[in-house]
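Trainee: Pasting query34.cif here (mmCIF, C-alpha atoms):
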```cif
data_final
#
loop_
_atom_site.group_PDB
_atom_site.id
_atom_site.type_symbol
_atom_site.label_atom_id
_atom_site.label_comp_id
_atom_site.auth_asym_id
_atom_site.auth_seq_id
_atom_site.Cartn_x
_atom_site.Cartn_y
_atom_site.Cartn_z
ATOM 1 C CA MET A 1297 24.095 35.669 -25.253
ATOM 2 C CA LEU A 1298 22.871 39.264 -25.347
ATOM 3 C CA GLU A 1299 19.135 39.815 -25.563
ATOM 4 C CA THR A 1300 17.144 42.984 -26.056
ATOM 5 C CA ILE A 1301 14.038 42.851 -23.890
ATOM 6 C CA GLU A 1302 11.258 45.063 -22.536
ATOM 7 C CA ILE A 1303 11.247 45.414 -18.741
ATOM 8 C CA GLU A 1304 7.925 46.301 -17.121
ATOM 9 C CA ALA A 1305 8.570 48.642 -14.209
ATOM 10 C CA ARG A 1306 6.609 51.453 -12.562
ATOM 11 C CA GLY A 1307 3.871 51.248 -15.162
ATOM 12 C CA MET A 1308 6.299 51.714 -18.062
ATOM 13 C CA ARG A 1309 8.309 49.559 -20.464
ATOM 14 C CA PHE A 1310 12.060 50.015 -20.570
ATOM 15 C CA THR A 1311 13.997 48.655 -23.538
ATOM 16 C CA ALA A 1312 17.151 46.979 -22.228
ATOM 17 C CA ASP A 1313 20.098 44.876 -23.306
ATOM 18 C CA ILE A 1314 20.624 41.987 -20.929
ATOM 19 C CA ALA A 1315 23.218 39.201 -20.781
ATOM 20 C CA GLY A 1316 24.850 36.757 -18.409
ATOM 21 C CA PRO A 1317 23.574 33.944 -16.206
ATOM 22 C CA GLU A 1318 20.186 34.576 -14.607
ATOM 23 C CA ARG A 1319 21.549 33.678 -11.160
ATOM 24 C CA GLY A 1320 24.545 35.970 -11.474
ATOM 25 C CA GLU A 1321 24.914 39.122 -9.403
ATOM 26 C CA LEU A 1322 23.023 41.918 -11.137
ATOM 27 C CA VAL A 1323 24.905 44.865 -12.655
ATOM 28 C CA VAL A 1324 22.702 47.776 -13.758
ATOM 29 C CA MET A 1325 24.370 50.137 -16.249
ATOM 30 C CA LEU A 1326 23.012 53.673 -16.821
ATOM 31 C CA HIS A 1327 23.905 55.649 -19.953
ATOM 32 C CA GLY A 1328 24.295 59.392 -20.309
ATOM 33 C CA PHE A 1329 23.223 62.087 -22.781
ATOM 34 C CA PRO A 1330 23.021 62.053 -25.759
ATOM 35 C CA GLN A 1331 23.591 58.310 -25.777
ATOM 36 C CA THR A 1332 21.667 55.077 -25.181
ATOM 37 C CA ARG A 1333 22.273 51.597 -23.780
ATOM 38 C CA HIS A 1334 24.676 51.159 -26.726
ATOM 39 C CA THR A 1335 27.189 53.026 -24.529
ATOM 40 C CA TRP A 1336 27.889 49.738 -22.735
ATOM 41 C CA ARG A 1337 28.397 47.467 -25.766
ATOM 42 C CA HIS A 1338 32.011 46.721 -24.824
ATOM 43 C CA GLU A 1339 31.382 46.178 -21.112
ATOM 44 C CA ILE A 1340 28.355 43.884 -21.300
ATOM 45 C CA PRO A 1341 30.028 40.809 -22.864
ATOM 46 C CA VAL A 1342 33.044 41.084 -20.557
ATOM 47 C CA LEU A 1343 30.895 41.140 -17.422
ATOM 48 C CA ALA A 1344 28.543 38.447 -18.698
ATOM 49 C CA LYS A 1345 31.473 36.154 -19.441
ATOM 50 C CA ALA A 1346 32.665 36.708 -15.859
ATOM 51 C CA GLY A 1347 29.325 35.456 -14.543
ATOM 52 C CA TYR A 1348 27.424 38.678 -13.888
ATOM 53 C CA ARG A 1349 23.837 39.311 -14.952
ATOM 54 C CA VAL A 1350 24.111 42.617 -16.800
ATOM 55 C CA CYS A 1351 21.228 44.953 -17.598
ATOM 56 C CA ALA A 1352 21.688 48.154 -19.620
ATOM 57 C CA PRO A 1353 18.343 49.930 -20.061
ATOM 58 C CA ASP A 1354 17.433 52.867 -22.225
ATOM 59 C CA GLN A 1355 16.309 55.148 -19.439
ATOM 60 C CA ARG A 1356 13.180 57.254 -18.975
ATOM 61 C CA GLY A 1357 12.482 59.232 -22.114
ATOM 62 C CA TYR A 1358 14.920 57.213 -24.204
ATOM 63 C CA SER A 1359 12.714 54.107 -24.154
ATOM 64 C CA ALA A 1360 9.617 54.586 -26.298
ATOM 65 C CA GLY A 1361 7.546 52.772 -23.664
ATOM 66 C CA ALA A 1362 8.801 55.000 -20.833
ATOM 67 C CA ARG A 1363 8.268 58.479 -22.202
ATOM 68 C CA PRO A 1364 5.905 60.605 -20.084
ATOM 69 C CA GLN A 1365 5.116 64.081 -21.376
ATOM 70 C CA ALA A 1366 5.520 66.476 -18.447
ATOM 71 C CA VAL A 1367 8.876 68.003 -17.553
ATOM 72 C CA GLU A 1368 8.282 67.252 -13.868
ATOM 73 C CA ASP A 1369 8.129 63.546 -14.721
ATOM 74 C CA TYR A 1370 11.897 63.713 -15.248
ATOM 75 C CA VAL A 1371 12.957 64.917 -11.816
ATOM 76 C CA LEU A 1372 15.830 63.030 -10.243
ATOM 77 C CA ALA A 1373 13.662 61.232 -7.691
ATOM 78 C CA ASN A 1374 11.743 59.533 -10.514
ATOM 79 C CA LEU A 1375 14.948 58.544 -12.292
ATOM 80 C CA VAL A 1376 16.231 56.925 -9.099
ATOM 81 C CA ASP A 1377 12.960 55.063 -8.571
ATOM 82 C CA ASP A 1378 13.216 53.765 -12.136
ATOM 83 C CA VAL A 1379 16.541 52.110 -11.297
ATOM 84 C CA LEU A 1380 15.100 50.429 -8.219
ATOM 85 C CA GLY A 1381 12.031 49.381 -10.195
ATOM 86 C CA ILE A 1382 14.082 47.814 -12.975
ATOM 87 C CA ALA A 1383 16.207 45.865 -10.489
ATOM 88 C CA ALA A 1384 13.085 44.666 -8.665
ATOM 89 C CA ALA A 1385 11.486 43.604 -11.950
ATOM 90 C CA LEU A 1386 14.547 41.437 -12.561
ATOM 91 C CA GLY A 1387 14.151 39.866 -9.119
ATOM 92 C CA HIS A 1388 17.012 41.633 -7.310
ATOM 93 C CA GLU A 1389 16.979 43.656 -4.113
ATOM 94 C CA GLN A 1390 20.754 44.227 -4.311
ATOM 95 C CA PHE A 1391 22.830 45.091 -7.350
ATOM 96 C CA HIS A 1392 26.025 46.669 -8.598
ATOM 97 C CA LEU A 1393 25.481 50.072 -10.205
ATOM 98 C CA VAL A 1394 27.396 51.696 -13.057
ATOM 99 C CA GLY A 1395 26.722 55.075 -14.634
ATOM 100 C CA HIS A 1396 28.113 57.577 -17.117
ATOM 101 C CA ASP A 1397 27.348 61.300 -17.395
ATOM 102 C CA TRP A 1398 23.657 61.819 -16.503
ATOM 103 C CA GLY A 1399 23.462 58.110 -15.715
ATOM 104 C CA GLY A 1400 26.348 58.719 -13.335
ATOM 105 C CA GLY A 1401 24.392 61.417 -11.545
ATOM 106 C CA VAL A 1402 21.482 59.023 -11.159
ATOM 107 C CA ALA A 1403 23.881 56.326 -9.979
ATOM 108 C CA TRP A 1404 25.470 58.530 -7.287
ATOM 109 C CA THR A 1405 22.043 59.549 -6.018
ATOM 110 C CA THR A 1406 20.617 56.027 -6.075
ATOM 111 C CA ALA A 1407 23.633 54.721 -4.175
ATOM 112 C CA ALA A 1408 23.612 57.510 -1.582
ATOM 113 C CA LEU A 1409 19.918 57.030 -0.818
ATOM 114 C CA ASN A 1410 19.902 53.205 -0.981
ATOM 115 C CA GLN A 1411 23.115 52.083 0.650
ATOM 116 C CA ASP A 1412 21.778 48.609 1.449
ATOM 117 C CA ALA A 1413 20.675 47.982 -2.123
ATOM 118 C CA VAL A 1414 23.770 49.109 -4.055
ATOM 119 C CA THR A 1415 26.638 46.669 -3.559
ATOM 120 C CA THR A 1416 29.297 48.587 -5.472
ATOM 121 C CA LEU A 1417 29.273 51.814 -7.458
ATOM 122 C CA ALA A 1418 31.240 52.775 -10.583
ATOM 123 C CA VAL A 1419 30.859 56.135 -12.312
ATOM 124 C CA ILE A 1420 32.443 57.687 -15.397
ATOM 125 C CA SER A 1421 32.640 61.403 -16.152
ATOM 126 C CA ARG A 1422 30.224 62.588 -13.485
ATOM 127 C CA PRO A 1423 31.353 63.736 -10.031
ATOM 128 C CA HIS A 1424 29.368 63.241 -6.865
ATOM 129 C CA PRO A 1425 26.460 65.746 -6.946
ATOM 130 C CA ARG A 1426 27.741 67.709 -3.968
ATOM 131 C CA ALA A 1427 31.250 67.862 -5.412
ATOM 132 C CA PHE A 1428 29.703 69.072 -8.658
ATOM 133 C CA ALA A 1429 27.666 71.729 -6.834
ATOM 134 C CA ARG A 1430 30.749 72.883 -4.919
ATOM 135 C CA ALA A 1431 32.761 73.201 -8.125
ATOM 136 C CA LEU A 1432 29.996 75.203 -9.790
ATOM 137 C CA GLU A 1433 30.173 77.682 -6.915
ATOM 138 C CA GLU A 1434 33.947 77.838 -6.553
ATOM 139 C CA ASP A 1435 35.422 77.121 -9.980
ATOM 140 C CA PRO A 1436 34.738 79.456 -12.942
ATOM 141 C CA GLU A 1437 36.016 76.759 -15.295
ATOM 142 C CA GLN A 1438 33.295 74.361 -14.147
ATOM 143 C CA SER A 1439 30.630 76.990 -14.651
ATOM 144 C CA ARG A 1440 31.852 77.399 -18.226
ATOM 145 C CA LYS A 1441 32.016 73.645 -18.820
ATOM 146 C CA SER A 1442 28.461 73.273 -17.513
ATOM 147 C CA SER A 1443 26.932 76.062 -19.601
ATOM 148 C CA HIS A 1444 25.014 73.452 -21.623
ATOM 149 C CA HIS A 1445 22.975 72.681 -18.495
ATOM 150 C CA ARG A 1446 21.442 76.119 -18.939
ATOM 151 C CA THR A 1447 21.131 76.225 -22.731
ATOM 152 C CA ASN A 1448 19.569 72.749 -22.874
ATOM 153 C CA ARG A 1449 16.719 73.874 -20.638
ATOM 154 C CA ARG A 1450 15.374 76.258 -23.288
ATOM 155 C CA SER A 1451 12.239 75.207 -25.162
ATOM 156 C CA GLU A 1452 14.014 75.599 -28.501
ATOM 157 C CA ALA A 1453 16.968 73.357 -27.571
ATOM 158 C CA THR A 1454 15.424 70.245 -29.117
ATOM 159 C CA ASP A 1455 14.878 71.803 -32.537
ATOM 160 C CA GLU A 1456 18.329 73.382 -32.501
ATOM 161 C CA MET A 1457 19.997 70.023 -31.878
ATOM 162 C CA LEU A 1458 18.041 68.418 -34.685
ATOM 163 C CA ALA A 1459 18.768 71.201 -37.154
ATOM 164 C CA ASN A 1460 21.471 70.542 -39.744
ATOM 165 C CA GLY A 1461 22.711 67.395 -37.998
ATOM 166 C CA GLN A 1462 23.996 69.296 -34.952
ATOM 167 C CA LEU A 1463 23.371 66.375 -32.594
ATOM 168 C CA ALA A 1464 25.489 64.024 -34.673
ATOM 169 C CA GLN A 1465 28.174 66.602 -35.326
ATOM 170 C CA GLY A 1466 28.519 67.383 -31.645
ATOM 171 C CA LEU A 1467 29.171 63.722 -30.872
ATOM 172 C CA LEU A 1468 31.648 63.395 -33.728
ATOM 173 C CA ASN A 1469 33.488 66.503 -32.549
ATOM 174 C CA ALA A 1470 33.749 64.934 -29.088
ATOM 175 C CA GLY A 1471 35.519 61.890 -30.494
ATOM 176 C CA VAL A 1472 32.612 59.431 -30.625
ATOM 177 C CA PRO A 1473 33.104 56.981 -33.544
ATOM 178 C CA PRO A 1474 30.749 57.443 -36.514
ATOM 179 C CA GLN A 1475 29.144 54.005 -36.126
ATOM 180 C CA ALA A 1476 28.236 54.758 -32.498
ATOM 181 C CA VAL A 1477 26.962 58.203 -33.489
ATOM 182 C CA ASP A 1478 24.656 56.597 -36.031
ATOM 183 C CA THR A 1479 23.256 54.303 -33.332
ATOM 184 C CA TYR A 1480 22.684 57.118 -30.847
ATOM 185 C CA VAL A 1481 21.081 59.350 -33.457
ATOM 186 C CA GLY A 1482 18.963 56.373 -34.533
ATOM 187 C CA THR A 1483 17.167 56.796 -31.202
ATOM 188 C CA LEU A 1484 17.584 60.479 -30.412
ATOM 189 C CA GLY A 1485 17.076 61.667 -33.965
ATOM 190 C CA ASP A 1486 13.386 61.177 -33.240
ATOM 191 C CA ARG A 1487 12.042 64.470 -31.930
ATOM 192 C CA ALA A 1488 9.913 62.923 -29.191
ATOM 193 C CA ALA A 1489 12.870 60.929 -27.869
ATOM 194 C CA LEU A 1490 15.271 63.876 -27.937
ATOM 195 C CA ASP A 1491 12.763 66.214 -26.316
ATOM 196 C CA ALA A 1492 12.193 63.687 -23.534
ATOM 197 C CA ALA A 1493 15.933 63.253 -23.035
ATOM 198 C CA ILE A 1494 16.418 67.016 -22.831
ATOM 199 C CA ASN A 1495 13.637 67.116 -20.244
ATOM 200 C CA TRP A 1496 16.232 65.709 -17.819
ATOM 201 C CA TYR A 1497 17.909 69.133 -18.009
ATOM 202 C CA ARG A 1498 14.659 71.075 -17.911
ATOM 203 C CA ALA A 1499 13.609 69.191 -14.786
ATOM 204 C CA LEU A 1500 16.621 70.607 -12.951
ATOM 205 C CA GLY A 1501 14.425 73.636 -12.348
ATOM 206 C CA VAL A 1502 11.703 71.533 -10.708
ATOM 207 C CA SER A 1503 11.983 70.479 -7.070
ATOM 208 C CA SER A 1504 12.554 66.734 -6.722
ATOM 209 C CA GLY A 1505 12.482 66.696 -2.930
ATOM 210 C CA LEU A 1506 16.096 65.485 -2.825
ATOM 211 C CA LYS A 1507 17.911 68.761 -2.201
ATOM 212 C CA GLY A 1508 20.309 68.304 0.687
ATOM 213 C CA LYS A 1509 19.540 64.594 0.995
ATOM 214 C CA VAL A 1510 22.271 63.149 -1.240
ATOM 215 C CA GLY A 1511 25.088 62.386 1.177
ATOM 216 C CA SER A 1512 28.253 60.343 1.008
ATOM 217 C CA VAL A 1513 28.345 56.769 -0.228
ATOM 218 C CA GLY A 1514 29.791 53.910 1.788
ATOM 219 C CA MET A 1515 30.055 51.077 -0.732
ATOM 220 C CA PRO A 1516 33.236 50.348 -2.727
ATOM 221 C CA THR A 1517 33.350 53.046 -5.401
ATOM 222 C CA LEU A 1518 35.263 53.542 -8.648
ATOM 223 C CA TYR A 1519 35.326 56.947 -10.329
ATOM 224 C CA VAL A 1520 36.878 57.372 -13.781
ATOM 225 C CA TRP A 1521 37.563 60.810 -15.256
ATOM 226 C CA GLY A 1522 39.322 61.858 -18.450
ATOM 227 C CA ASN A 1523 41.378 64.998 -17.944
ATOM 228 C CA ALA A 1524 40.349 66.284 -21.388
ATOM 229 C CA ASP A 1525 36.669 66.173 -20.374
ATOM 230 C CA GLY A 1526 34.893 69.200 -21.770
ATOM 231 C CA SER A 1527 32.072 68.927 -19.208
ATOM 232 C CA VAL A 1528 33.806 68.157 -15.909
ATOM 233 C CA GLY A 1529 36.897 69.908 -14.576
ATOM 234 C CA ARG A 1530 39.545 68.754 -12.124
ATOM 235 C CA HIS A 1531 38.061 70.627 -9.174
ATOM 236 C CA ALA A 1532 34.832 68.621 -9.286
ATOM 237 C CA ALA A 1533 36.571 65.356 -10.114
ATOM 238 C CA GLU A 1534 39.024 65.528 -7.213
ATOM 239 C CA ALA A 1535 36.428 66.842 -4.745
ATOM 240 C CA THR A 1536 34.404 63.668 -5.265
ATOM 241 C CA ALA A 1537 36.720 61.842 -2.835
ATOM 242 C CA ASP A 1538 35.244 63.946 -0.018
ATOM 243 C CA PHE A 1539 31.890 62.200 -0.479
ATOM 244 C CA VAL A 1540 33.021 58.565 -0.487
ATOM 245 C CA GLU A 1541 33.397 56.913 2.900
ATOM 246 C CA GLY A 1542 34.002 53.357 1.682
ATOM 247 C CA PRO A 1543 36.895 51.916 -0.354
ATOM 248 C CA TYR A 1544 37.555 54.357 -3.189
ATOM 249 C CA ARG A 1545 39.542 54.303 -6.410
ATOM 250 C CA PHE A 1546 39.906 57.387 -8.595
ATOM 251 C CA VAL A 1547 41.310 56.785 -12.078
ATOM 252 C CA GLU A 1548 42.415 59.751 -14.167
ATOM 253 C CA LEU A 1549 42.730 59.069 -17.888
ATOM 254 C CA THR A 1550 45.246 61.263 -19.697
ATOM 255 C CA ASP A 1551 44.060 63.081 -22.826
ATOM 256 C CA VAL A 1552 40.669 61.335 -22.766
ATOM 257 C CA GLY A 1553 37.446 63.289 -23.011
ATOM 258 C CA HIS A 1554 33.910 62.891 -21.738
ATOM 259 C CA PHE A 1555 32.772 59.859 -23.743
ATOM 260 C CA VAL A 1556 35.205 57.332 -22.298
ATOM 261 C CA THR A 1557 33.499 54.099 -23.362
ATOM 262 C CA ASP A 1558 33.306 55.323 -26.965
ATOM 263 C CA GLN A 1559 36.702 56.997 -27.199
ATOM 264 C CA VAL A 1560 38.872 54.366 -25.494
ATOM 265 C CA PRO A 1561 36.676 51.237 -25.418
ATOM 266 C CA GLN A 1562 39.470 48.997 -24.173
ATOM 267 C CA VAL A 1563 40.026 50.969 -20.955
ATOM 268 C CA PHE A 1564 36.912 50.710 -18.814
ATOM 269 C CA PRO A 1565 35.961 46.999 -19.057
ATOM 270 C CA PRO A 1566 39.038 45.715 -17.154
ATOM 271 C CA LEU A 1567 38.796 48.531 -14.616
ATOM 272 C CA LEU A 1568 35.159 47.686 -13.989
ATOM 273 C CA LEU A 1569 35.716 43.950 -13.821
ATOM 274 C CA ASP A 1570 38.524 44.424 -11.319
ATOM 275 C CA HIS A 1571 36.310 46.717 -9.265
ATOM 276 C CA LEU A 1572 33.400 44.274 -9.192
ATOM 277 C CA SER A 1573 35.539 41.267 -8.388
ATOM 278 C CA SER A 1574 37.669 42.960 -5.715
ATOM 279 C CA ARG A 1575 37.592 41.526 -2.223
ATOM 280 C CA ALA A 1576 36.147 44.817 -0.969
ATOM 281 C CA GLY A 1577 33.269 44.522 -3.389
ATOM 282 C CA ARG A 1578 32.638 40.862 -2.553
ATOM 283 C CA ASP A 1579 32.730 41.536 1.165
ATOM 284 C CA ALA A 1580 30.106 44.230 0.729
ATOM 285 C CA SER A 1581 27.756 42.072 -1.310
#
```
Will you turn the file into structure tokens for me?

Mentor:
Amino acid sequence: MLETIEIEARGMRFTADIAGPERGELVVMLHGFPQTRHTWRHEIPVLAKAGYRVCAPDQRGYSAGARPQAVEDYVLANLVDDVLGIAAALGHEQFHLVGHDWGGGVAWTTAALNQDAVTTLAVISRPHPRAFARALEEDPEQSRKSSHHRTNRRSEATDEMLANGQLAQGLLNAGVPPQAVDTYVGTLGDRAALDAAINWYRALGVSSGLKGKVGSVGMPTLYVWGNADGSVGRHAAEATADFVEGPYRFVELTDVGHFVTDQVPQVFPPLLLDHLSSRAGRDAS
């Protein structure tokens, strides 16, 4: 049975959906922007039924109880420590990690810096950070696709997204179903929540102490990319393989955009379940 709980970690309270047997292997699922834990509504019951303990938190800024004010509070190092803190609060030193979009970036970084803690890694729509950086330097298309990383850092970005329903319309235009849009906007339609979420982008200009430290990952890794993704191009997606040293599966989805779990909800749950239950994943746990 799915429960919504408050997890005390690092002096904050993270709202999270949790399901599955308490003694099951922990799977931590990290949402992207502009979404919430609702991103994983189709995956959670499938994994819980298979015996996993699944935790999908609203991350820093998205949870009302974990919303510090300063931009520097949202640097990547803090986001990574939040993941470790949430897992520890649930009594787990090791866990499977899943992420989408910004949550995928946090997942790659957490896994690269904590290879003994992350049993398997699965990421949607976000390449490895170094593959992403390489594409931004080498591929004009990726620079264009990532232009929102610059515009979202402006002080006026929050008010612009809230004006005239632009946040909701952007999600609808990207193929996110109206019911899911309503849920996401139910959280991010609050100015404080949206401003905190956008602080993830603003904090890109603040040193996190991680530059040059995010190397390859060695655990079994699944990367899923839709080739109609408006934010990530093929160059970055395919270059990700260069930064995975363990068993690796790259799945390209034809004519699917950035918001995979919303657009084609039937696709990712079986891919993820197969990834978690693979012999490679079990051997690494």

Trainee: Counting all atoms listed in the file, which residues in region 1433-1492 of chain A sit no more than 12 Å from region 1367-1389 of chain A? For each one, give the nearest pair of atoms and the distance in Å, sorted by chain then residue number, as CSV.

Mentor:
```
residue,atom,partner,partner_atom,distance
A:Arg1449,CA,A:Val1367,CA,10.3
A:Arg1450,CA,A:Val1367,CA,12.0
A:Ser1451,CA,A:Val1367,CA,11.0
A:Asp1491,CA,A:Val1367,CA,9.8
A:Ala1492,CA,A:Val1367,CA,8.1
```

Trainee: As a compact mmCIF listing (two decimals) with C-alpha atoms, keeping the file's coordinate frame, please: the residues near region 1319-1326 of chain A (cut-off 9 Å, only C-alpha atoms, same-chain neighbours under 6 positions excluded).

Mentor:
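As a result, result00.txt now contains:
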```
# COMPACT_ATOMS: atom_id res chain seq x y z
CA THR A 1332 21.67 55.08 -25.18
CA ARG A 1333 22.27 51.60 -23.78
CA THR A 1335 27.19 53.03 -24.53
CA TRP A 1336 27.89 49.74 -22.74
CA ILE A 1340 28.36 43.88 -21.30
CA LEU A 1343 30.90 41.14 -17.42
CA ALA A 1344 28.54 38.45 -18.70
CA GLY A 1347 29.32 35.46 -14.54
CA TYR A 1348 27.42 38.68 -13.89
CA ARG A 1349 23.84 39.31 -14.95
CA VAL A 1350 24.11 42.62 -16.80
CA CYS A 1351 21.23 44.95 -17.60
CA ALA A 1352 21.69 48.15 -19.62
CA PRO A 1353 18.34 49.93 -20.06
CA ASP A 1354 17.43 52.87 -22.22
CA GLN A 1355 16.31 55.15 -19.44
CA VAL A 1379 16.54 52.11 -11.30
CA ILE A 1382 14.08 47.81 -12.98
CA ALA A 1383 16.21 45.86 -10.49
CA LEU A 1386 14.55 41.44 -12.56
CA HIS A 1388 17.01 41.63 -7.31
CA GLN A 1390 20.75 44.23 -4.31
CA PHE A 1391 22.83 45.09 -7.35
CA HIS A 1392 26.02 46.67 -8.60
CA LEU A 1393 25.48 50.07 -10.20
CA VAL A 1394 27.40 51.70 -13.06
CA GLY A 1395 26.72 55.08 -14.63
CA HIS A 1396 28.11 57.58 -17.12
CA ASP A 1397 27.35 61.30 -17.40
CA TRP A 1398 23.66 61.82 -16.50
CA GLY A 1399 23.46 58.11 -15.72
CA GLY A 1400 26.35 58.72 -13.34
CA VAL A 1402 21.48 59.02 -11.16
CA ALA A 1403 23.88 56.33 -9.98
```

Trainee: Selection in question (the file shown): the PyMOL selection byres ((chain A and resi 1458) around 10). Which residues does it include, as a list in words?

Mentor: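 With the PyMOL selection byres ((chain A and resi 1458) around 10) on this model, the match is Ala1453, Thr1454, Asp1455, Glu1456, Met1457, Ala1459, Asn1460, Gly1461, Gln1462, Leu1463, Ala1464, Val1481, Leu1484, Gly1485, Asp1486, Arg1487 and Leu1490 of chain A.
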
Trainee: Restricting the calculation to all atoms listed in the file: of A:Gly1553, A:Pro1436, A:Gly1307, A:Pro1565, which residue gets closest to Arg1356 (chain A)?

Mentor: A:Gly1307

Trainee: State, in Å with one decimal place, the distance from CA of Gly1361 (chain A) to CA of Gly1328 (chain A).

Mentor: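 Distance reported for this atom pair: 18.3 Å.
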
Trainee: Measuring between all atoms listed in the file, which one of A:Ala1524, A:Val1540, A:Leu1468, A:Ala1312 shows the shortest distance to Gly1511 (chain A)?

Mentor: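 Result for the nearest residue to Gly1511 (chain A): A:Val1540.
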
Trainee: What residues have an atom no more than 10 Å from (36.4, 53.2, -10.2) in the file's own frame, counting all atoms listed in the file, and can you write them as an NGL selection string?

Mentor: :A and (1394 or 1416-1420 or 1516-1521 or 1543-1548 or 1564 or 1567-1572)

Trainee: Mind giving me the straight-line distance from CA of Ala1532 (chain A) to CA of Lys1441 (chain A) in Å, one decimal?

Mentor: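 Taking CA of Ala1532 (chain A) and CA of Lys1441 (chain A), their separation equals 11.1 Å.
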
Trainee: Expressed in Å to a single decimal, how great is the separation between CA of Gly1514 (chain A) and CA of Glu1534 (chain A)?

Mentor: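 It comes out at 17.4 Å.
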
Trainee: Can you sort out region 1372-1377 of chain A so it carries all heavy atoms, written as an mmCIF file, in the coordinates of the input?

Mentor:
```cif
data_model
loop_
_atom_site.group_PDB
_atom_site.id
_atom_site.type_symbol
_atom_site.label_atom_id
_atom_site.label_comp_id
_atom_site.auth_asym_id
_atom_site.auth_seq_id
_atom_site.Cartn_x
_atom_site.Cartn_y
_atom_site.Cartn_z
ATOM 1 N N LEU A 1372 14.861 64.042 -10.638
ATOM 2 C CA LEU A 1372 15.830 63.030 -10.243
ATOM 3 C C LEU A 1372 15.214 61.915 -9.404
ATOM 4 O O LEU A 1372 15.582 60.746 -9.537
ATOM 5 C CB LEU A 1372 16.981 63.698 -9.488
ATOM 6 C CG LEU A 1372 18.203 62.837 -9.162
ATOM 7 C CD1 LEU A 1372 18.787 62.186 -10.407
ATOM 8 C CD2 LEU A 1372 19.263 63.703 -8.462
ATOM 9 N N ALA A 1373 14.282 62.254 -8.538
ATOM 10 C CA ALA A 1373 13.662 61.232 -7.691
ATOM 11 C C ALA A 1373 13.000 60.147 -8.534
ATOM 12 O O ALA A 1373 13.061 58.956 -8.195
ATOM 13 C CB ALA A 1373 12.645 61.869 -6.751
ATOM 14 N N ASN A 1374 12.364 60.526 -9.642
ATOM 15 C CA ASN A 1374 11.743 59.533 -10.514
ATOM 16 C C ASN A 1374 12.788 58.675 -11.224
ATOM 17 O O ASN A 1374 12.590 57.473 -11.415
ATOM 18 C CB ASN A 1374 10.862 60.233 -11.555
ATOM 19 C CG ASN A 1374 9.545 60.708 -10.974
ATOM 20 O OD1 ASN A 1374 9.068 60.180 -9.980
ATOM 21 N ND2 ASN A 1374 8.969 61.729 -11.588
ATOM 22 N N LEU A 1375 13.894 59.290 -11.615
ATOM 23 C CA LEU A 1375 14.948 58.544 -12.292
ATOM 24 C C LEU A 1375 15.566 57.509 -11.361
ATOM 25 O O LEU A 1375 15.888 56.384 -11.780
ATOM 26 C CB LEU A 1375 16.014 59.508 -12.807
ATOM 27 C CG LEU A 1375 15.509 60.653 -13.694
ATOM 28 C CD1 LEU A 1375 16.654 61.595 -14.058
ATOM 29 C CD2 LEU A 1375 14.836 60.113 -14.946
ATOM 30 N N VAL A 1376 15.720 57.870 -10.108
ATOM 31 C CA VAL A 1376 16.231 56.925 -9.099
ATOM 32 C C VAL A 1376 15.246 55.781 -8.892
ATOM 33 O O VAL A 1376 15.634 54.601 -8.863
ATOM 34 C CB VAL A 1376 16.494 57.667 -7.771
ATOM 35 C CG1 VAL A 1376 16.743 56.665 -6.633
ATOM 36 C CG2 VAL A 1376 17.687 58.601 -7.917
ATOM 37 N N ASP A 1377 13.971 56.104 -8.769
ATOM 38 C CA ASP A 1377 12.960 55.063 -8.571
ATOM 39 C C ASP A 1377 12.887 54.119 -9.768
ATOM 40 O O ASP A 1377 12.577 52.932 -9.614
ATOM 41 C CB ASP A 1377 11.595 55.693 -8.309
ATOM 42 C CG ASP A 1377 11.485 56.291 -6.911
ATOM 43 O OD1 ASP A 1377 12.339 55.975 -6.058
ATOM 44 O OD2 ASP A 1377 10.547 57.075 -6.678
#
```
